[in-house]
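Report on the structure given below.
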Amino acid sequence: GPGVDVVTDDPYAYPLPDGHADIVISGQMLEHCEFFWKSFEEMVRIAKPGGFVALIVPSKGPIHRYPVDCYRFLPDTMPALAKLGGCELVEMWHDEASPWGDLVGVFLKPAPTPKALLAERAEKFGGVEYGEFIASYLDLRESTAHLEVGTMHGSSLASVKCASIAVDPDFQLAFPVIGKKPAALLFQMTSDEFFETYNPADLLRGSLTSAFLDGLHLFEALLKDLINTERHCSRRGVIFLHDCLPLTVDMTTRRHADVSAEGAYPNWWTGDVWKIVPILRKYRPDIRLTFVDCPPTGLVMLTQLNPSDTTLARHYDQIVDEFMQIELTEDTLAQHFASCETRSSVDLLKSLRKEQAD
């Protein structure tokens with residue numbers, strides 16, 4: 001009819017995504033709906049968390065088929081529907097004096113709690129394991145010069161095929177890190193000592209095309225590694241950061257000894273390197289951040305690098321002072337996750353393979 005934008009084949013499946021609308025209004029419709037409760041559930045689905053569903057239904061009046069007329073609704077309907085949809089009934093009016101005895105209900109779709117948001121995000125970390133993703137990504141991008149800070153057992157380095165440098169003050173290699181690489185240079189020292197002594201571009205005879213930074217789990221250390229790494233990178237290079245999407249507040253402690261041995265993720269430790277995300281957004285908005293759903297705690301992929309930019313280096317002390325005392329709560333961790341929409345690692349690799357094929 002006039003003013004109708006969408007006609008759906010299934011009256012209980014609207015062609016709209018979850019959380020689509022700020023408000024969903026249905027007036028004088030549910031009495032004509034054979035399974036009105038299914039229709040209400042669909043309205044709740046397409047409402048945003050924190051959004052509203054408003055219903056107007058008759059409680060009396062003559063039969064008026066369009067094409068059917070199945071129900072009249074009494075006031076107890078509204079709390080029952082709220083219970084069905086997991087909503088809060090915030091307002092209800094019953095106009096008993098009107099010819100149709102109109103009953104009005106306004107429902108609030110609750111926003112998920114921080115714990116629910118984090119649980120949902122943890123489920124999304126079901127993509128390609130981070131070491132496998134990095135190796136596949138670099139292979140498809142034909143990386144020629146790779147740097148890894150924080151190698152330890154060597155699991156992430158082992159799958160990389162291009163010439164590589166690995167820096168770790170205490171190698172405990174348990175994987176064949178040479179693999180198919182044309183060259184692999186291992187430096188058993190701190191990353192500060194490495195960058196003070198060596199130029200990775202000289203060692204690999206060309207600018208870095210990729211890097212994986214997974215050293216100390218302290219944001220100021222990762223920030224320094226990032227500063228030192230970017231200045232040796234190609235502008236088309238990529239830098240991967242680990243542990244910037246922690247699943248609980250407990251795992252973000254600055255001391256490994258303080259990590260909880262209980263809960264859903266016992267002994268998991270990311271440290272406070274998550275702070276690199278807001279730091280880059282504030283001080284280097286030119287760098288592109290891509291969040292990838294690699295388990296266990298995601299990957300952050302940095303592109304659009306600028307090796308000549310000195311912003312982070314010039315403001316290093318200021319940044320450390322500014323962010324040192326910031327700690328996460330469940331609410332702020334949920335906000336952090338909400339601001340870091342993850343992309344599918346599987347889809348990213350598929351897209352790269354398609355580019356290569358084309």
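If you're wondering about the labels, chains in the structure tokens are A, B, ... by order shown, residues count from 1 in each chain, ligands from 1 in order shown.
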
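For segment 186-195 of chain A, the set of protein, DNA and RNA residues having any atom at most 7 Å away, when counting only C-alpha atoms and skipping those fewer than 6 positions along the same chain, is Val149, Ile165, Ala166, Val167, Asp168, Pro169, Asp170, Phe171, Asp225 and Asn228 of chain A.
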
If you run DSSP on the backbone here, which positions in segment 134-239 of chain A get alpha helix (DSSP H)? Please write them as an MDAnalysis selection string. chainID A and resid 134:140 155:158 191:197 200:203 219:230

File dump, residues just selected, N, CA, C and O atoms, as a short mmCIF file (atom, residue, chain, number, x, y, z; two decimals), in the first residue's frame:
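Printed below is selection-v1.cif as written:
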data_model
loop_
_atom_site.label_atom_id
_atom_site.label_comp_id
_atom_site.auth_asym_id
_atom_site.auth_seq_id
_atom_site.Cartn_x
_atom_site.Cartn_y
_atom_site.Cartn_z
N ILE A 134 49.75 -14.27 10.59
CA ILE A 134 50.87 -13.40 10.22
C ILE A 134 51.68 -14.03 9.09
O ILE A 134 52.00 -13.38 8.08
N ALA A 135 52.01 -15.32 9.23
CA ALA A 135 52.80 -16.00 8.20
C ALA A 135 52.08 -16.00 6.86
O ALA A 135 52.68 -15.72 5.81
N SER A 136 50.77 -16.29 6.87
CA SER A 136 50.00 -16.32 5.62
C SER A 136 49.89 -14.93 5.01
O SER A 136 50.02 -14.76 3.79
N TYR A 137 49.66 -13.95 5.86
CA TYR A 137 49.52 -12.58 5.38
C TYR A 137 50.82 -12.10 4.73
O TYR A 137 50.82 -11.51 3.64
N LEU A 138 51.95 -12.37 5.39
CA LEU A 138 53.23 -11.93 4.86
C LEU A 138 53.58 -12.66 3.58
O LEU A 138 54.17 -12.09 2.65
N ASP A 139 53.21 -13.93 3.50
CA ASP A 139 53.45 -14.70 2.29
C ASP A 139 52.68 -14.11 1.12
O ASP A 139 53.22 -13.94 0.01
N LEU A 140 51.40 -13.79 1.36
CA LEU A 140 50.57 -13.22 0.30
C LEU A 140 51.02 -11.81 -0.09
O LEU A 140 50.91 -11.41 -1.25
N SER A 155 57.51 -19.93 18.06
CA SER A 155 56.36 -20.47 17.34
C SER A 155 55.88 -19.54 16.24
O SER A 155 55.55 -19.97 15.13
N SER A 156 55.82 -18.22 16.51
CA SER A 156 55.34 -17.28 15.50
C SER A 156 56.37 -17.06 14.39
O SER A 156 56.01 -16.83 13.24
N LEU A 157 57.65 -17.14 14.72
CA LEU A 157 58.71 -16.91 13.74
C LEU A 157 58.87 -18.10 12.81
O LEU A 157 59.25 -17.94 11.64
N ALA A 158 58.60 -19.30 13.29
CA ALA A 158 58.90 -20.52 12.52
C ALA A 158 58.19 -20.56 11.18
O ALA A 158 58.74 -21.08 10.20
N SER A 191 65.50 -5.27 23.11
CA SER A 191 65.24 -4.53 21.87
C SER A 191 65.90 -3.16 21.91
O SER A 191 66.36 -2.65 20.87
N ASP A 192 65.98 -2.52 23.09
CA ASP A 192 66.68 -1.24 23.20
C ASP A 192 68.14 -1.39 22.78
O ASP A 192 68.67 -0.57 22.02
N GLU A 193 68.78 -2.44 23.29
CA GLU A 193 70.19 -2.68 22.93
C GLU A 193 70.33 -2.95 21.43
O GLU A 193 71.28 -2.46 20.78
N PHE A 194 69.39 -3.69 20.88
CA PHE A 194 69.46 -4.01 19.45
C PHE A 194 69.40 -2.74 18.61
O PHE A 194 70.23 -2.53 17.71
N PHE A 195 68.38 -1.90 18.87
CA PHE A 195 68.21 -0.71 18.04
C PHE A 195 69.33 0.31 18.26
O PHE A 195 69.63 1.11 17.36
N GLU A 196 69.95 0.31 19.43
CA GLU A 196 71.09 1.20 19.67
C GLU A 196 72.33 0.73 18.91
O GLU A 196 73.19 1.55 18.54
N THR A 197 72.40 -0.58 18.65
CA THR A 197 73.62 -1.15 18.07
C THR A 197 73.51 -1.42 16.58
O THR A 197 74.50 -1.27 15.84
N PRO A 200 68.37 -2.53 11.31
CA PRO A 200 67.80 -3.72 10.65
C PRO A 200 67.76 -3.60 9.14
O PRO A 200 67.88 -4.61 8.43
N ALA A 201 67.60 -2.39 8.63
CA ALA A 201 67.58 -2.21 7.18
C ALA A 201 68.93 -2.55 6.56
O ALA A 201 69.01 -3.09 5.45
N ASP A 202 70.01 -2.25 7.28
CA ASP A 202 71.34 -2.63 6.80
C ASP A 202 71.52 -4.14 6.85
O ASP A 202 72.07 -4.75 5.92
N LEU A 203 71.06 -4.76 7.93
CA LEU A 203 71.24 -6.19 8.09
C LEU A 203 70.50 -6.98 7.03
O LEU A 203 70.99 -8.02 6.54
N PHE A 219 53.17 -1.08 28.16
CA PHE A 219 52.88 -0.20 27.04
C PHE A 219 54.05 0.70 26.67
O PHE A 219 54.28 0.99 25.49
N GLU A 220 54.82 1.17 27.68
CA GLU A 220 55.92 2.08 27.37
C GLU A 220 57.03 1.37 26.60
O GLU A 220 57.71 1.97 25.76
N ALA A 221 57.21 0.05 26.88
CA ALA A 221 58.20 -0.74 26.14
C ALA A 221 57.73 -0.98 24.71
O ALA A 221 58.51 -0.86 23.76
N LEU A 222 56.44 -1.33 24.55
CA LEU A 222 55.91 -1.54 23.21
C LEU A 222 55.94 -0.24 22.42
O LEU A 222 56.25 -0.24 21.21
N LEU A 223 55.65 0.88 23.07
CA LEU A 223 55.68 2.16 22.38
C LEU A 223 57.09 2.45 21.86
O LEU A 223 57.26 2.90 20.72
N LYS A 224 58.09 2.18 22.67
CA LYS A 224 59.47 2.41 22.24
C LYS A 224 59.83 1.48 21.09
O LYS A 224 60.48 1.90 20.12
N ASP A 225 59.41 0.20 21.18
CA ASP A 225 59.67 -0.73 20.08
C ASP A 225 59.00 -0.27 18.79
O ASP A 225 59.57 -0.39 17.69
N LEU A 226 57.79 0.25 18.93
CA LEU A 226 57.07 0.73 17.76
C LEU A 226 57.79 1.92 17.13
O LEU A 226 57.94 2.00 15.90
N ILE A 227 58.23 2.86 17.96
CA ILE A 227 58.97 4.02 17.45
C ILE A 227 60.21 3.57 16.69
O ILE A 227 60.49 4.02 15.56
N ASN A 228 60.97 2.67 17.30
CA ASN A 228 62.22 2.21 16.69
C ASN A 228 61.98 1.38 15.44
O ASN A 228 62.77 1.42 14.50
N THR A 229 60.90 0.63 15.43
CA THR A 229 60.61 -0.22 14.27
C THR A 229 60.11 0.58 13.09
O THR A 229 60.57 0.38 11.95
N GLU A 230 59.17 1.50 13.32
CA GLU A 230 58.57 2.23 12.20
C GLU A 230 59.61 3.00 11.41
O GLU A 230 59.52 3.09 10.17
#

For atom CA of Asn306 of chain A and atom CA of Lys354 of chain A, quote the distance in Å rounded to one decimal. 27.2 Å

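Counting only C-alpha atoms, the residue from A:Leu352, A:Asp317, A:Trp100, A:Ser207 that sits nearest to Pro62 of chain A is A:Trp100.
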
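Taking only C-alpha atoms into account, Met251 of chain A lies nearest to A:Leu333 out of the set A:Leu208, A:Leu333, A:Ala111, A:Leu89.
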
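Taking atom CA of Thr248 of chain A and atom CA of His153 of chain A as the two end points, the separation is 25.0 Å.
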
Applying 12 Å and only C-alpha atoms, which residues near Ala13 of chain A remain after dropping the ones on its own chain fewer than 5 positions away? List them as an mmCIF file with N, CA, C and O atoms, in the first residue's frame.
data_model
loop_
_atom_site.group_PDB
_atom_site.id
_atom_site.type_symbol
_atom_site.label_atom_id
_atom_site.label_comp_id
_atom_site.auth_asym_id
_atom_site.auth_seq_id
_atom_site.Cartn_x
_atom_site.Cartn_y
_atom_site.Cartn_z
ATOM 1 N N VAL A 6 9.106 -1.744 2.264
ATOM 2 C CA VAL A 6 9.591 -3.116 2.184
ATOM 3 C C VAL A 6 8.421 -4.071 2.379
ATOM 4 O O VAL A 6 7.630 -3.906 3.313
ATOM 5 N N VAL A 7 8.309 -5.048 1.497
ATOM 6 C CA VAL A 7 7.331 -6.124 1.663
ATOM 7 C C VAL A 7 8.132 -7.414 1.814
ATOM 8 O O VAL A 7 8.943 -7.752 0.947
ATOM 9 N N THR A 8 7.931 -8.117 2.912
ATOM 10 C CA THR A 8 8.715 -9.318 3.194
ATOM 11 C C THR A 8 7.895 -10.574 2.947
ATOM 12 O O THR A 8 6.686 -10.598 3.219
ATOM 13 N N ASP A 18 20.399 -7.019 12.748
ATOM 14 C CA ASP A 18 20.268 -6.883 14.196
ATOM 15 C C ASP A 18 20.642 -5.462 14.610
ATOM 16 O O ASP A 18 21.575 -4.862 14.067
ATOM 17 N N LYS A 38 5.836 -13.875 17.872
ATOM 18 C CA LYS A 38 6.983 -13.996 16.975
ATOM 19 C C LYS A 38 7.296 -12.649 16.332
ATOM 20 O O LYS A 38 8.468 -12.283 16.151
ATOM 21 N N SER A 39 6.283 -11.916 15.992
ATOM 22 C CA SER A 39 6.483 -10.593 15.405
ATOM 23 C C SER A 39 7.143 -9.655 16.407
ATOM 24 O O SER A 39 8.045 -8.883 16.068
ATOM 25 N N PHE A 40 6.724 -9.740 17.674
ATOM 26 C CA PHE A 40 7.324 -8.889 18.708
ATOM 27 C C PHE A 40 8.800 -9.224 18.893
ATOM 28 O O PHE A 40 9.651 -8.339 19.019
ATOM 29 N N GLU A 41 9.135 -10.500 18.905
ATOM 30 C CA GLU A 41 10.539 -10.895 19.043
ATOM 31 C C GLU A 41 11.380 -10.338 17.895
ATOM 32 O O GLU A 41 12.538 -9.944 18.083
ATOM 33 N N GLU A 42 10.816 -10.280 16.703
ATOM 34 C CA GLU A 42 11.530 -9.731 15.556
ATOM 35 C C GLU A 42 11.722 -8.221 15.709
ATOM 36 O O GLU A 42 12.760 -7.670 15.339
ATOM 37 N N MET A 43 10.733 -7.544 16.254
ATOM 38 C CA MET A 43 10.876 -6.108 16.522
ATOM 39 C C MET A 43 12.010 -5.859 17.509
ATOM 40 O O MET A 43 12.804 -4.928 17.346
ATOM 41 N N VAL A 44 12.076 -6.690 18.550
ATOM 42 C CA VAL A 44 13.142 -6.543 19.543
ATOM 43 C C VAL A 44 14.500 -6.790 18.896
ATOM 44 O O VAL A 44 15.475 -6.087 19.171
ATOM 45 N N ARG A 45 14.564 -7.764 18.003
ATOM 46 C CA ARG A 45 15.843 -8.074 17.346
ATOM 47 C C ARG A 45 16.391 -6.889 16.566
ATOM 48 O O ARG A 45 17.588 -6.578 16.626
ATOM 49 N N ILE A 46 15.528 -6.194 15.842
ATOM 50 C CA ILE A 46 16.023 -5.110 14.979
ATOM 51 C C ILE A 46 16.188 -3.796 15.739
ATOM 52 O O ILE A 46 16.741 -2.846 15.201
#

Val273 of chain A proximity check over A:His336, A:His217, A:Arg314, A:His20, using only C-alpha atoms: winner is A:His217

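Picture a line from atom CA of Leu204 of chain A to atom CA of Ser308 of chain A; it runs 19.5 Å.
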